[in-house]
$ cat start14.cif   # mmCIF, C-alpha atoms
data_protein
#
loop_
_atom_site.label_atom_id
_atom_site.label_comp_id
_atom_site.auth_asym_id
_atom_site.auth_seq_id
_atom_site.Cartn_x
_atom_site.Cartn_y
_atom_site.Cartn_z
CA MET J 64 69.19 8.27 -36.09
CA HIS J 65 70.40 10.09 -39.18
CA MET J 66 69.29 7.64 -41.86
CA ALA J 67 71.62 7.02 -44.81
CA ASP J 68 70.29 6.96 -48.36
CA ALA J 69 71.09 3.25 -48.61
CA LEU J 70 68.12 2.49 -46.32
CA ILE J 71 65.50 4.31 -48.33
CA ALA J 72 63.86 3.92 -51.73
CA PRO J 73 62.97 6.98 -53.85
CA ALA J 74 59.20 6.41 -53.47
CA ALA J 75 59.42 6.23 -49.67
CA ALA J 76 61.81 9.19 -49.65
CA GLY J 77 59.40 11.27 -51.70
CA THR J 78 56.51 10.40 -49.40
CA MET J 79 58.43 11.46 -46.31
CA TYR J 80 59.62 14.65 -48.00
CA ALA J 81 55.97 15.48 -48.70
CA CYS J 82 54.92 14.76 -45.10
CA SER J 83 57.76 16.85 -43.67
CA ALA J 84 57.09 19.68 -46.13
CA ALA J 85 53.41 19.75 -45.13
CA ALA J 86 54.35 19.99 -41.45
CA ALA J 87 56.85 22.75 -42.30
CA GLY J 88 54.22 24.71 -44.22
CA ILE J 89 51.80 24.61 -41.30
CA SER J 90 54.60 25.60 -38.93
CA ILE J 91 55.55 28.64 -41.03
CA LYS J 92 51.96 29.83 -40.97
CA LYS J 93 51.67 29.34 -37.20
CA VAL J 94 54.94 31.11 -36.37
CA ARG J 95 53.99 34.06 -38.58
CA LEU J 96 50.76 34.42 -36.60
CA GLU J 97 52.72 34.57 -33.35
CA ASP J 98 54.46 37.75 -34.57
CA ASP J 99 57.19 37.52 -31.91
CA PRO J 100 60.50 39.19 -32.94
CA LYS J 101 62.32 37.50 -30.03
CA LYS J 102 61.82 34.18 -31.79
CA ILE J 103 64.47 35.13 -34.36
CA PRO J 104 67.53 35.25 -32.07
CA ALA J 105 66.12 32.41 -29.96
CA MET J 106 65.74 30.12 -32.98
CA GLY J 107 69.27 30.89 -34.16
CA VAL J 108 70.93 30.40 -30.78
CA MET J 109 68.95 27.30 -29.84
CA GLY J 110 69.53 25.81 -33.29
CA ALA J 111 73.29 26.29 -32.86
CA PHE J 112 73.08 24.80 -29.37
CA VAL J 113 71.31 21.67 -30.60
CA PHE J 114 73.75 21.36 -33.51
CA ALA J 115 76.66 21.48 -31.05
CA ALA J 116 75.00 19.06 -28.65
CA GLN J 117 74.41 16.56 -31.45
CA MET J 118 78.17 16.44 -32.04
CA ILE J 119 78.65 14.90 -28.58
CA ASN J 120 78.12 11.17 -28.90
CA PHE J 121 77.90 9.65 -25.41
CA THR J 122 78.74 5.99 -24.78
CA ILE J 123 75.96 3.63 -23.72
CA PRO J 124 77.76 1.44 -21.15
CA GLY J 125 78.03 -2.27 -21.85
CA THR J 126 76.73 -2.05 -25.41
CA GLY J 127 79.53 -0.80 -27.63
CA SER J 128 77.11 1.82 -28.90
CA SER J 129 76.70 5.55 -28.48
CA GLY J 130 73.92 8.08 -28.77
CA HIS J 131 73.47 11.81 -29.13
CA LEU J 132 70.83 14.41 -28.44
CA CYS J 133 68.05 14.75 -31.00
CA GLY J 134 66.92 18.10 -29.65
CA GLY J 135 63.28 18.31 -30.73
CA VAL J 136 61.94 18.27 -27.18
CA LEU J 137 64.52 20.83 -26.01
CA LEU J 138 63.69 23.22 -28.85
CA THR J 139 59.95 22.84 -28.30
CA ALA J 140 60.22 23.53 -24.57
CA ILE J 141 61.74 26.94 -25.37
CA LEU J 142 60.48 27.92 -28.81
CA GLY J 143 57.18 26.06 -28.99
CA PRO J 144 56.50 23.15 -31.37
CA TYR J 145 56.19 25.12 -34.61
CA ALA J 146 59.30 27.28 -34.30
CA GLY J 147 61.11 24.29 -32.77
CA PHE J 148 60.26 22.13 -35.78
CA LEU J 149 61.50 24.75 -38.25
CA THR J 150 64.70 25.17 -36.26
CA MET J 151 65.29 21.42 -36.31
CA ILE J 152 64.89 21.45 -40.08
CA GLY J 153 67.65 24.07 -40.23
CA VAL J 154 69.94 21.91 -38.08
CA LEU J 155 69.32 18.78 -40.13
CA LEU J 156 69.71 20.63 -43.43
CA ILE J 157 73.12 22.01 -42.44
CA GLN J 158 74.23 18.60 -41.16
CA CYS J 159 73.16 16.96 -44.41
CA LEU J 160 74.56 19.45 -46.90
CA LEU J 161 77.74 20.70 -45.22
CA PHE J 162 78.79 17.56 -43.34
CA ALA J 163 77.11 14.66 -45.18
CA ASP J 164 75.53 13.59 -41.89
CA GLY J 165 72.40 11.75 -42.96
CA GLY J 166 71.51 11.15 -46.60
CA LEU J 167 70.06 13.83 -48.87
CA LEU J 168 67.51 11.35 -50.19
CA ALA J 169 66.65 10.41 -46.59
CA LEU J 170 66.38 14.01 -45.36
CA GLY J 171 62.58 13.95 -45.35
CA CYS J 172 62.70 10.81 -43.21
CA ASN J 173 65.23 12.32 -40.83
CA ILE J 174 63.15 15.46 -40.39
CA TRP J 175 60.10 13.36 -39.60
CA ASN J 176 61.86 10.91 -37.29
CA MET J 177 63.98 13.40 -35.38
CA ALA J 178 61.94 16.62 -35.52
CA PHE J 179 58.25 15.85 -36.00
CA TYR J 180 57.89 13.44 -33.09
CA GLY J 181 59.98 15.49 -30.68
CA CYS J 182 58.31 18.80 -31.51
CA PHE J 183 54.69 17.79 -32.01
CA ILE J 184 54.14 14.51 -30.15
CA GLY J 185 56.54 15.40 -27.34
CA GLY J 186 55.44 19.03 -27.36
CA PHE J 187 51.66 18.75 -27.47
CA LEU J 188 50.94 15.37 -25.90
CA ILE J 189 53.54 15.41 -23.12
CA TRP J 190 55.18 18.79 -22.48
CA LYS J 191 52.09 20.98 -22.84
CA GLN J 192 49.97 18.63 -20.73
CA MET J 193 52.55 18.64 -17.95
CA MET J 194 52.94 22.44 -17.92
CA LYS J 195 49.35 23.58 -18.38
CA ASN J 196 48.77 24.03 -14.63
CA GLY J 197 52.10 25.67 -13.90
CA ILE J 198 55.82 25.08 -14.21
CA SER J 199 58.05 23.50 -11.58
CA ARG J 200 61.49 21.91 -11.51
CA GLY J 201 59.98 18.47 -10.93
CA LYS J 202 57.65 18.85 -13.91
CA ILE J 203 60.51 19.97 -16.14
CA ILE J 204 62.57 16.90 -15.23
CA PHE J 205 59.72 14.41 -15.62
CA ALA J 206 58.38 15.91 -18.85
CA SER J 207 61.87 16.10 -20.38
CA VAL J 208 62.65 12.45 -19.73
CA ALA J 209 59.19 11.17 -20.66
CA ALA J 210 59.01 13.18 -23.88
CA CYS J 211 62.53 12.21 -25.00
CA VAL J 212 61.98 8.50 -24.31
CA VAL J 213 58.58 8.32 -26.04
CA THR J 214 59.54 10.36 -29.10
CA LEU J 215 62.86 8.58 -29.58
CA GLN J 216 61.03 5.25 -29.49
CA LEU J 217 58.63 6.53 -32.15
CA GLY J 218 61.51 7.81 -34.26
CA ALA J 219 63.44 4.56 -33.99
CA PHE J 220 60.37 2.53 -34.94
CA SER J 221 59.73 4.81 -37.91
CA VAL J 222 63.26 4.10 -39.16
CA THR J 223 62.46 0.39 -39.26
CA LEU J 224 59.09 1.01 -40.94
CA GLU J 225 60.60 3.28 -43.60
CA THR J 226 63.33 0.71 -44.25
CA LEU J 227 60.73 -2.04 -44.52
CA ALA J 228 58.56 0.02 -46.90
CA SER J 229 61.60 0.79 -49.07
CA GLY J 230 62.67 -2.83 -49.48
CA VAL J 231 66.17 -1.89 -50.65
CA THR J 232 67.98 -3.75 -47.88
CA GLU J 233 67.82 -7.28 -46.52
CA LEU J 234 67.40 -6.12 -42.92
CA PRO J 235 64.67 -8.32 -41.35
CA PHE J 236 62.01 -6.03 -39.90
CA SER J 237 61.50 -7.89 -36.60
CA VAL J 238 65.24 -8.28 -35.95
CA PHE J 239 65.94 -4.67 -36.91
CA ALA J 240 63.19 -3.37 -34.63
CA ALA J 241 64.34 -5.63 -31.79
CA ALA J 242 67.79 -4.04 -32.01
CA MET J 243 66.65 -0.45 -32.51
CA GLN J 244 64.06 -0.07 -29.74
CA PRO J 245 66.11 -1.09 -26.64
CA ILE J 246 69.22 0.88 -27.58
CA HIS J 247 67.15 3.99 -28.27
CA LEU J 248 65.38 3.56 -24.95
CA ALA J 249 68.76 3.93 -23.25
CA ILE J 250 69.67 6.87 -25.49
CA GLY J 251 66.30 8.50 -24.76
CA LEU J 252 66.90 8.34 -21.01
CA VAL J 253 70.26 10.09 -21.36
CA GLU J 254 68.81 12.68 -23.74
CA GLY J 255 66.01 13.32 -21.26
CA ALA J 256 68.53 14.00 -18.49
CA ILE J 257 70.53 16.39 -20.70
CA THR J 258 67.37 18.16 -21.85
CA ALA J 259 66.19 18.58 -18.26
CA ALA J 260 69.55 20.04 -17.19
CA VAL J 261 69.49 22.66 -19.95
CA LEU J 262 65.85 23.56 -19.29
CA LEU J 263 66.47 23.89 -15.55
CA PHE J 264 69.17 26.44 -16.37
CA VAL J 265 66.74 28.35 -18.60
CA TYR J 266 64.07 28.14 -15.89
CA GLU J 267 66.44 29.74 -13.40
CA ALA J 268 67.84 32.30 -15.85
CA ARG J 269 64.71 33.39 -17.71
CA PRO J 270 61.63 31.35 -16.67
CA GLU J 271 59.27 33.05 -19.13
CA LEU J 272 61.20 31.40 -21.96
CA ILE J 273 59.75 28.03 -20.97
CA TRP J 274 56.89 27.23 -23.34
CA THR J 275 53.67 26.12 -21.66
CA GLY J 276 51.23 26.17 -24.55
CA GLU J 277 48.97 28.54 -22.63
CA LYS J 278 48.92 32.27 -23.32
CA GLY J 279 49.56 34.38 -20.27
CA LEU J 280 50.83 31.49 -18.14
CA ARG J 281 54.12 32.41 -16.53
CA ALA J 282 56.47 30.75 -14.09
CA GLY J 283 55.51 33.16 -11.32
CA ARG J 284 59.11 34.06 -10.47
CA GLU J 285 61.78 36.48 -11.57
CA GLY J 286 64.68 35.28 -13.67
CA ARG J 287 68.31 35.85 -12.77
CA LEU J 288 69.40 36.94 -16.25
CA SER J 289 68.03 39.18 -18.96
CA PHE J 290 66.85 37.68 -22.24
CA LYS J 291 70.01 38.95 -23.94
CA ASN J 292 72.35 37.48 -21.33
CA THR J 293 70.50 34.15 -21.37
CA MET J 294 70.92 33.94 -25.15
CA LEU J 295 74.59 34.91 -24.83
CA ALA J 296 75.15 32.19 -22.22
CA LEU J 297 73.55 29.54 -24.44
CA ALA J 298 75.51 30.78 -27.48
CA ALA J 299 78.76 30.59 -25.49
CA ALA J 300 77.88 27.07 -24.34
CA ALA J 301 77.21 26.08 -27.95
CA ALA J 302 80.57 27.48 -29.08
CA VAL J 303 82.51 25.71 -26.32
CA THR J 304 80.68 22.46 -26.96
CA ALA J 305 81.10 22.55 -30.74
CA GLY J 306 84.66 23.81 -30.76
CA GLY J 307 86.12 21.92 -27.81
CA ILE J 308 83.99 19.36 -26.02
CA SER J 309 83.11 17.75 -29.36
CA LEU J 310 86.65 16.36 -29.44
CA LEU J 311 85.67 14.07 -26.53
CA ALA J 312 82.76 12.44 -28.37
CA SER J 313 82.48 8.66 -28.22
CA ALA J 314 83.99 6.76 -31.15
CA TYR J 315 81.38 3.97 -30.88
CA PRO J 316 78.73 3.76 -33.62
CA ASP J 317 75.42 5.43 -32.85
CA GLY J 318 72.25 3.49 -32.17
CA LEU J 319 71.24 3.11 -35.81
CA GLU J 320 74.71 2.12 -37.03
CA TRP J 321 75.12 -0.24 -34.07
CA SER J 322 71.80 -1.95 -34.88
CA ILE J 323 72.76 -2.39 -38.53
CA GLU J 324 76.19 -3.74 -37.57
CA ARG J 325 74.65 -6.34 -35.25
CA ILE J 326 72.61 -7.69 -38.14
CA THR J 327 74.93 -7.32 -41.12
CA GLY J 328 78.37 -7.23 -39.51
CA SER J 329 79.05 -3.75 -40.91
CA THR J 330 77.85 -0.22 -40.25
CA GLU J 331 77.94 0.54 -43.96
CA LEU J 332 75.23 -0.29 -46.47
CA THR J 333 75.26 0.44 -50.19
CA ALA J 334 72.48 1.22 -52.61
CA SER J 335 72.48 1.72 -56.36
CA GLY J 336 70.21 3.43 -58.82
CA PRO J 337 70.15 6.79 -60.63
CA VAL J 338 68.38 8.66 -57.82
CA HIS J 339 70.80 7.40 -55.17
CA ILE J 340 73.77 8.27 -57.39
CA LEU J 341 72.45 11.78 -58.05
CA ALA J 342 71.82 12.41 -54.35
CA GLU J 343 75.34 11.24 -53.53
CA LYS J 344 76.88 13.51 -56.18
CA ILE J 345 75.00 16.54 -54.85
CA GLN J 346 76.02 15.77 -51.29
CA ASN J 347 79.65 15.24 -52.26
CA ALA J 348 79.64 18.66 -53.90
CA THR J 349 78.06 20.51 -50.96
CA ALA J 350 79.81 18.70 -48.08
CA LEU J 351 82.76 20.99 -47.40
CA LEU J 352 83.60 19.15 -44.16
CA PRO J 353 82.40 15.55 -44.62
CA ASP J 354 81.93 13.64 -41.36
CA TYR J 355 82.91 16.84 -39.50
CA MET J 356 86.52 16.59 -40.67
CA PHE J 357 88.84 18.23 -43.18
CA ARG J 358 89.01 16.33 -46.46
CA HIS J 359 91.86 13.83 -46.72
CA THR J 360 93.04 14.25 -43.11
CA ASP J 361 92.01 13.09 -39.65
CA ALA J 362 93.36 16.17 -37.85
CA ALA J 363 91.38 16.92 -34.70
CA ALA J 364 91.19 20.56 -35.70
CA GLY J 365 88.71 19.55 -38.38
CA THR J 366 86.14 18.62 -35.73
CA SER J 367 86.53 21.94 -33.91
CA VAL J 368 86.30 23.93 -37.12
CA SER J 369 83.27 21.91 -38.18
CA GLY J 370 81.54 22.65 -34.91
CA ILE J 371 82.11 26.40 -35.11
CA VAL J 372 81.30 26.62 -38.83
CA GLY J 373 78.21 24.45 -38.44
CA GLY J 374 76.87 26.42 -35.51
CA ALA J 375 77.37 29.71 -37.33
CA ALA J 376 75.71 28.28 -40.45
CA VAL J 377 72.67 27.19 -38.43
CA ILE J 378 72.33 30.66 -36.89
CA LEU J 379 72.63 32.33 -40.30
CA LEU J 380 70.14 29.94 -41.93
CA CYS J 381 67.58 30.36 -39.13
CA VAL J 382 67.83 34.16 -39.14
CA LEU J 383 67.61 34.41 -42.94
CA ALA J 384 64.66 32.00 -43.00
CA CYS J 385 62.86 34.04 -40.33
CA TYR J 386 63.19 37.22 -42.40
CA ALA J 387 62.35 35.44 -45.65
CA CYS J 388 59.16 34.02 -44.11
CA ARG J 389 58.35 37.35 -42.44
CA PHE J 390 57.97 35.89 -38.98
CA PHE J 391 57.25 39.32 -37.52
CA ARG J 392 55.65 42.47 -38.80
CA LYS J 393 57.26 45.86 -38.40
CA LYS J 394 55.21 47.98 -36.06
CA GLU J 395 53.61 50.90 -37.77
CA LYS J 396 54.66 54.29 -36.49
CA HIS J 397 51.83 56.39 -35.20
CA GLU J 398 51.99 60.17 -35.26
#

$ encode --input "start14.cif" --output "structure tokens"
Amino acid sequence: MHMADALIAPAAAGTMYACSAAAAGISIKKVRLEDDPKKIPAMGVMGAFVFAAQMINFTIPGTGSSGHLCGGVLLTAILGPYAGFLTMIGVLLIQCLLFADGGLLALGCNIWNMAFYGCFIGGFLIWKQMMKNGISRGKIIFASVAACVVTLQLGAFSVTLETLASGVTELPFSVFAAAMQPIHLAIGLVEGAITAAVLLFVYEARPELIWTGEKGLRAGREGRLSFKNTMLALAAAAAVTAGGISLLASAYPDGLEWSIERITGSTELTASGPVHILAEKIQNATALLPDYMFRHTDAAAGTSVSGIVGGAAVILLCVLACYACRFFRKKEKHE
């Protein structure tokens, strides 16, 4: 669901940037109040994990389409909605600037569609409600699937609304929505299953990492791994996924591209205007590995390098942002 700039008008883009920035500002304030130093490595590692997972496009059988993890629900279930939202911004920013995945003009839309719904709607209205009376494997599975399906439907519908409000394409709203919603229902079910599998691992390894939304509520069982070893296991999984498994990603267009192709006959749309041209120039200058490949070559090594570089960039960005925003206070030494 990474929207391209060709779908969005500057006015709509500015509105969505403002909405996403407001949500980010509130999130920064909330995470600072938590004053939890463990959030720093967790945000970096989980951000890299989601970045890697998003590189794995899985085929939706019988459709000619593919989908990938969004990750908002997964991040929220471990980091909480506010830290999860900020981490998703880091992932989307790296994807946009380094890999030209999603338009720079459309970044505010992509943050809203892929991060806001997963972290806040999925987090507060579904995940927190399911976990408030205790955590169990069954609850993790049900909440993961339900939250991913609902929030992906909201995100997909927002894409059609933002496109409609922009008026820069000839995509008919009703036809576009009729294509987007069913395919993202299927993608949401697969994402829910993947999210549940990862969270079940975390539940077994370090159950107190599962966010419940209630202070003092714990899983009531001992974990099998330390916090450090759990983070190392997730970091290793991210590295293997980004550097190796990403080579097995489906070549089919994702749900958004597939929907556009069904209507227009092509996955590519073009837009003109000074703002679109400026955004494209900036992105061309910052995208060192466009489309997760080396420039001017289709060598498979480009995908592996992109995965490793991107994951490391997400970790670095998240850690630097945490220190810049002072997400924890140094404990004063008492004599």

$ closest_residue --input "start14.cif" --among "J:Gln244, J:Thr333, J:Ser313, J:Asn347" --to "Gly130 in chain J" --atoms "all atoms listed in the file"
J:Ser313

$ residues_around --input "start14.cif" --residues "Leu379 in chain J" --least-positions-apart "5" --cutoff "10 Å" --atoms "only C-alpha atoms" --output "list in words"
Gly107, Val108, Ala111, Gly153, Gly373, Gly374, Ala384 and Cys385 of chain J

$ resolve_selection --input "start14.cif" --expression "the PyMOL selection byres ((chain J and resi 124) around 12)" --output "PyMOL selection string"
chain J and resi 121-123+125-130+246+249-250+253+313+315

$ closest_residue --input "start14.cif" --among "J:Gln117, J:Ser329, J:Thr304, J:Thr214" --to "Trp175 in chain J" --atoms "only C-alpha atoms"
J:Thr214

$ atom_distance --input "start14.cif" --atom1 "CA of Ala140 in chain J" --atom2 "CA of Ile152 in chain J"
16.3 Å

$ atom_distance --input "start14.cif" --atom1 "CA of Pro353 in chain J" --atom2 "CA of Ser369 in chain J"
9.1 Å

$ resolve_selection --input "start14.cif" --expression "the PyMOL selection byres ((chain J and resi 226-242) around 8)" --output "VMD selection string"
chain J and resid 69 to 75 219 to 220 222 to 225 243 to 246 322 to 323 325 to 327 334

$ resolve_selection --input "start14.cif" --expression "the PyMOL selection byres ((chain J and resi 352) around 10)" --output "PDB file with C-alpha atoms, in the frame of the given file"
ATOM      1  CA  GLN J 158      74.230  18.600 -41.160  1.00  0.00           C
ATOM      2  CA  LEU J 160      74.560  19.450 -46.900  1.00  0.00           C
ATOM      3  CA  LEU J 161      77.740  20.700 -45.220  1.00  0.00           C
ATOM      4  CA  PHE J 162      78.790  17.560 -43.340  1.00  0.00           C
ATOM      5  CA  ALA J 163      77.110  14.660 -45.180  1.00  0.00           C
ATOM      6  CA  ASN J 347      79.650  15.240 -52.260  1.00  0.00           C
ATOM      7  CA  THR J 349      78.060  20.510 -50.960  1.00  0.00           C
ATOM      8  CA  ALA J 350      79.810  18.700 -48.080  1.00  0.00           C
ATOM      9  CA  LEU J 351      82.760  20.990 -47.400  1.00  0.00           C
ATOM     10  CA  PRO J 353      82.400  15.550 -44.620  1.00  0.00           C
ATOM     11  CA  ASP J 354      81.930  13.640 -41.360  1.00  0.00           C
ATOM     12  CA  TYR J 355      82.910  16.840 -39.500  1.00  0.00           C
ATOM     13  CA  MET J 356      86.520  16.590 -40.670  1.00  0.00           C
ATOM     14  CA  PHE J 357      88.840  18.230 -43.180  1.00  0.00           C
ATOM     15  CA  ARG J 358      89.010  16.330 -46.460  1.00  0.00           C
ATOM     16  CA  GLY J 365      88.710  19.550 -38.380  1.00  0.00           C
ATOM     17  CA  THR J 366      86.140  18.620 -35.730  1.00  0.00           C
ATOM     18  CA  VAL J 368      86.300  23.930 -37.120  1.00  0.00           C
ATOM     19  CA  SER J 369      83.270  21.910 -38.180  1.00  0.00           C
ATOM     20  CA  VAL J 372      81.300  26.620 -38.830  1.00  0.00           C
ATOM     21  CA  GLY J 373      78.210  24.450 -38.440  1.00  0.00           C
TER      22      GLY J 373
END

$ build_atoms --input "start14.cif" --residues "range 268-278 of chain J" --atoms "all heavy atoms" --output "PDB file, keeping the file's coordinate frame"
ATOM      1  N   ALA J 268      67.345  31.075 -15.229  1.00  0.00           N
ATOM      2  CA  ALA J 268      67.840  32.300 -15.850  1.00  0.00           C
ATOM      3  C   ALA J 268      66.724  33.191 -16.359  1.00  0.00           C
ATOM      4  O   ALA J 268      66.717  34.408 -16.122  1.00  0.00           O
ATOM      5  CB  ALA J 268      68.782  31.935 -17.003  1.00  0.00           C
ATOM      6  N   ARG J 269      65.784  32.603 -17.079  1.00  0.00           N
ATOM      7  CA  ARG J 269      64.710  33.390 -17.710  1.00  0.00           C
ATOM      8  C   ARG J 269      63.470  32.501 -17.814  1.00  0.00           C
ATOM      9  O   ARG J 269      63.147  31.955 -18.877  1.00  0.00           O
ATOM     10  CB  ARG J 269      65.162  33.841 -19.100  1.00  0.00           C
ATOM     11  CG  ARG J 269      64.393  35.033 -19.635  1.00  0.00           C
ATOM     12  CD  ARG J 269      64.753  36.297 -18.910  1.00  0.00           C
ATOM     13  NE  ARG J 269      63.944  37.417 -19.349  1.00  0.00           N
ATOM     14  CZ  ARG J 269      63.933  38.579 -18.728  1.00  0.00           C
ATOM     15  NH1 ARG J 269      64.684  38.750 -17.653  1.00  0.00           N
ATOM     16  NH2 ARG J 269      63.178  39.569 -19.163  1.00  0.00           N
ATOM     17  N   PRO J 270      62.728  32.339 -16.718  1.00  0.00           N
ATOM     18  CA  PRO J 270      61.630  31.350 -16.670  1.00  0.00           C
ATOM     19  C   PRO J 270      60.540  31.575 -17.707  1.00  0.00           C
ATOM     20  O   PRO J 270      59.892  30.617 -18.137  1.00  0.00           O
ATOM     21  CB  PRO J 270      61.089  31.490 -15.251  1.00  0.00           C
ATOM     22  CG  PRO J 270      61.582  32.806 -14.765  1.00  0.00           C
ATOM     23  CD  PRO J 270      62.894  33.040 -15.441  1.00  0.00           C
ATOM     24  N   GLU J 271      60.331  32.821 -18.154  1.00  0.00           N
ATOM     25  CA  GLU J 271      59.270  33.050 -19.130  1.00  0.00           C
ATOM     26  C   GLU J 271      59.592  32.481 -20.502  1.00  0.00           C
ATOM     27  O   GLU J 271      58.726  32.419 -21.378  1.00  0.00           O
ATOM     28  CB  GLU J 271      58.943  34.546 -19.253  1.00  0.00           C
ATOM     29  CG  GLU J 271      60.050  35.387 -19.838  1.00  0.00           C
ATOM     30  CD  GLU J 271      60.941  36.003 -18.765  1.00  0.00           C
ATOM     31  OE1 GLU J 271      61.058  35.409 -17.686  1.00  0.00           O
ATOM     32  OE2 GLU J 271      61.518  37.076 -19.034  1.00  0.00           O
ATOM     33  N   LEU J 272      60.839  32.043 -20.703  1.00  0.00           N
ATOM     34  CA  LEU J 272      61.200  31.400 -21.960  1.00  0.00           C
ATOM     35  C   LEU J 272      60.672  29.973 -22.058  1.00  0.00           C
ATOM     36  O   LEU J 272      60.632  29.396 -23.145  1.00  0.00           O
ATOM     37  CB  LEU J 272      62.723  31.378 -22.138  1.00  0.00           C
ATOM     38  CG  LEU J 272      63.400  32.720 -22.461  1.00  0.00           C
ATOM     39  CD1 LEU J 272      64.907  32.551 -22.532  1.00  0.00           C
ATOM     40  CD2 LEU J 272      62.868  33.301 -23.766  1.00  0.00           C
ATOM     41  N   ILE J 273      60.293  29.393 -20.947  1.00  0.00           N
ATOM     42  CA  ILE J 273      59.750  28.030 -20.970  1.00  0.00           C
ATOM     43  C   ILE J 273      58.356  28.048 -21.578  1.00  0.00           C
ATOM     44  O   ILE J 273      57.452  28.732 -21.080  1.00  0.00           O
ATOM     45  CB  ILE J 273      59.713  27.417 -19.564  1.00  0.00           C
ATOM     46  CG1 ILE J 273      61.120  27.376 -18.949  1.00  0.00           C
ATOM     47  CG2 ILE J 273      59.103  26.020 -19.604  1.00  0.00           C
ATOM     48  CD1 ILE J 273      62.084  26.469 -19.655  1.00  0.00           C
ATOM     49  N   TRP J 274      58.184  27.284 -22.653  1.00  0.00           N
ATOM     50  CA  TRP J 274      56.890  27.230 -23.340  1.00  0.00           C
ATOM     51  C   TRP J 274      55.912  26.358 -22.573  1.00  0.00           C
ATOM     52  O   TRP J 274      56.233  25.246 -22.167  1.00  0.00           O
ATOM     53  CB  TRP J 274      57.081  26.674 -24.752  1.00  0.00           C
ATOM     54  CG  TRP J 274      55.806  26.554 -25.546  1.00  0.00           C
ATOM     55  CD1 TRP J 274      55.119  27.561 -26.146  1.00  0.00           C
ATOM     56  CD2 TRP J 274      55.077  25.358 -25.826  1.00  0.00           C
ATOM     57  NE1 TRP J 274      54.012  27.071 -26.784  1.00  0.00           N
ATOM     58  CE2 TRP J 274      53.958  25.720 -26.600  1.00  0.00           C
ATOM     59  CE3 TRP J 274      55.266  24.013 -25.483  1.00  0.00           C
ATOM     60  CZ2 TRP J 274      53.039  24.790 -27.056  1.00  0.00           C
ATOM     61  CZ3 TRP J 274      54.348  23.078 -25.931  1.00  0.00           C
ATOM     62  CH2 TRP J 274      53.243  23.464 -26.713  1.00  0.00           C
ATOM     63  N   THR J 275      54.698  26.882 -22.380  1.00  0.00           N
ATOM     64  CA  THR J 275      53.670  26.120 -21.660  1.00  0.00           C
ATOM     65  C   THR J 275      52.490  25.749 -22.552  1.00  0.00           C
ATOM     66  O   THR J 275      51.703  24.873 -22.193  1.00  0.00           O
ATOM     67  CB  THR J 275      53.126  26.939 -20.484  1.00  0.00           C
ATOM     68  OG1 THR J 275      52.465  28.124 -20.991  1.00  0.00           O
ATOM     69  CG2 THR J 275      54.240  27.346 -19.531  1.00  0.00           C
ATOM     70  N   GLY J 276      52.367  26.424 -23.687  1.00  0.00           N
ATOM     71  CA  GLY J 276      51.230  26.170 -24.550  1.00  0.00           C
ATOM     72  C   GLY J 276      49.996  26.964 -24.164  1.00  0.00           C
ATOM     73  O   GLY J 276      48.966  26.878 -24.827  1.00  0.00           O
ATOM     74  N   GLU J 277      50.103  27.747 -23.103  1.00  0.00           N
ATOM     75  CA  GLU J 277      48.970  28.540 -22.630  1.00  0.00           C
ATOM     76  C   GLU J 277      49.364  30.009 -22.609  1.00  0.00           C
ATOM     77  O   GLU J 277      50.345  30.387 -21.972  1.00  0.00           O
ATOM     78  CB  GLU J 277      48.558  28.116 -21.215  1.00  0.00           C
ATOM     79  CG  GLU J 277      48.136  26.661 -21.104  1.00  0.00           C
ATOM     80  CD  GLU J 277      46.825  26.375 -21.799  1.00  0.00           C
ATOM     81  OE1 GLU J 277      46.027  27.325 -21.970  1.00  0.00           O
ATOM     82  OE2 GLU J 277      46.593  25.214 -22.180  1.00  0.00           O
ATOM     83  N   LYS J 278      48.625  30.848 -23.295  1.00  0.00           N
ATOM     84  CA  LYS J 278      48.920  32.270 -23.320  1.00  0.00           C
ATOM     85  C   LYS J 278      48.721  32.873 -21.929  1.00  0.00           C
ATOM     86  O   LYS J 278      47.733  32.586 -21.245  1.00  0.00           O
ATOM     87  CB  LYS J 278      48.015  33.001 -24.324  1.00  0.00           C
ATOM     88  CG  LYS J 278      48.344  32.693 -25.780  1.00  0.00           C
ATOM     89  CD  LYS J 278      47.509  33.540 -26.712  1.00  0.00           C
ATOM     90  CE  LYS J 278      47.890  33.272 -28.172  1.00  0.00           C
ATOM     91  NZ  LYS J 278      47.076  34.089 -29.099  1.00  0.00           N
TER      92      LYS J 278
END
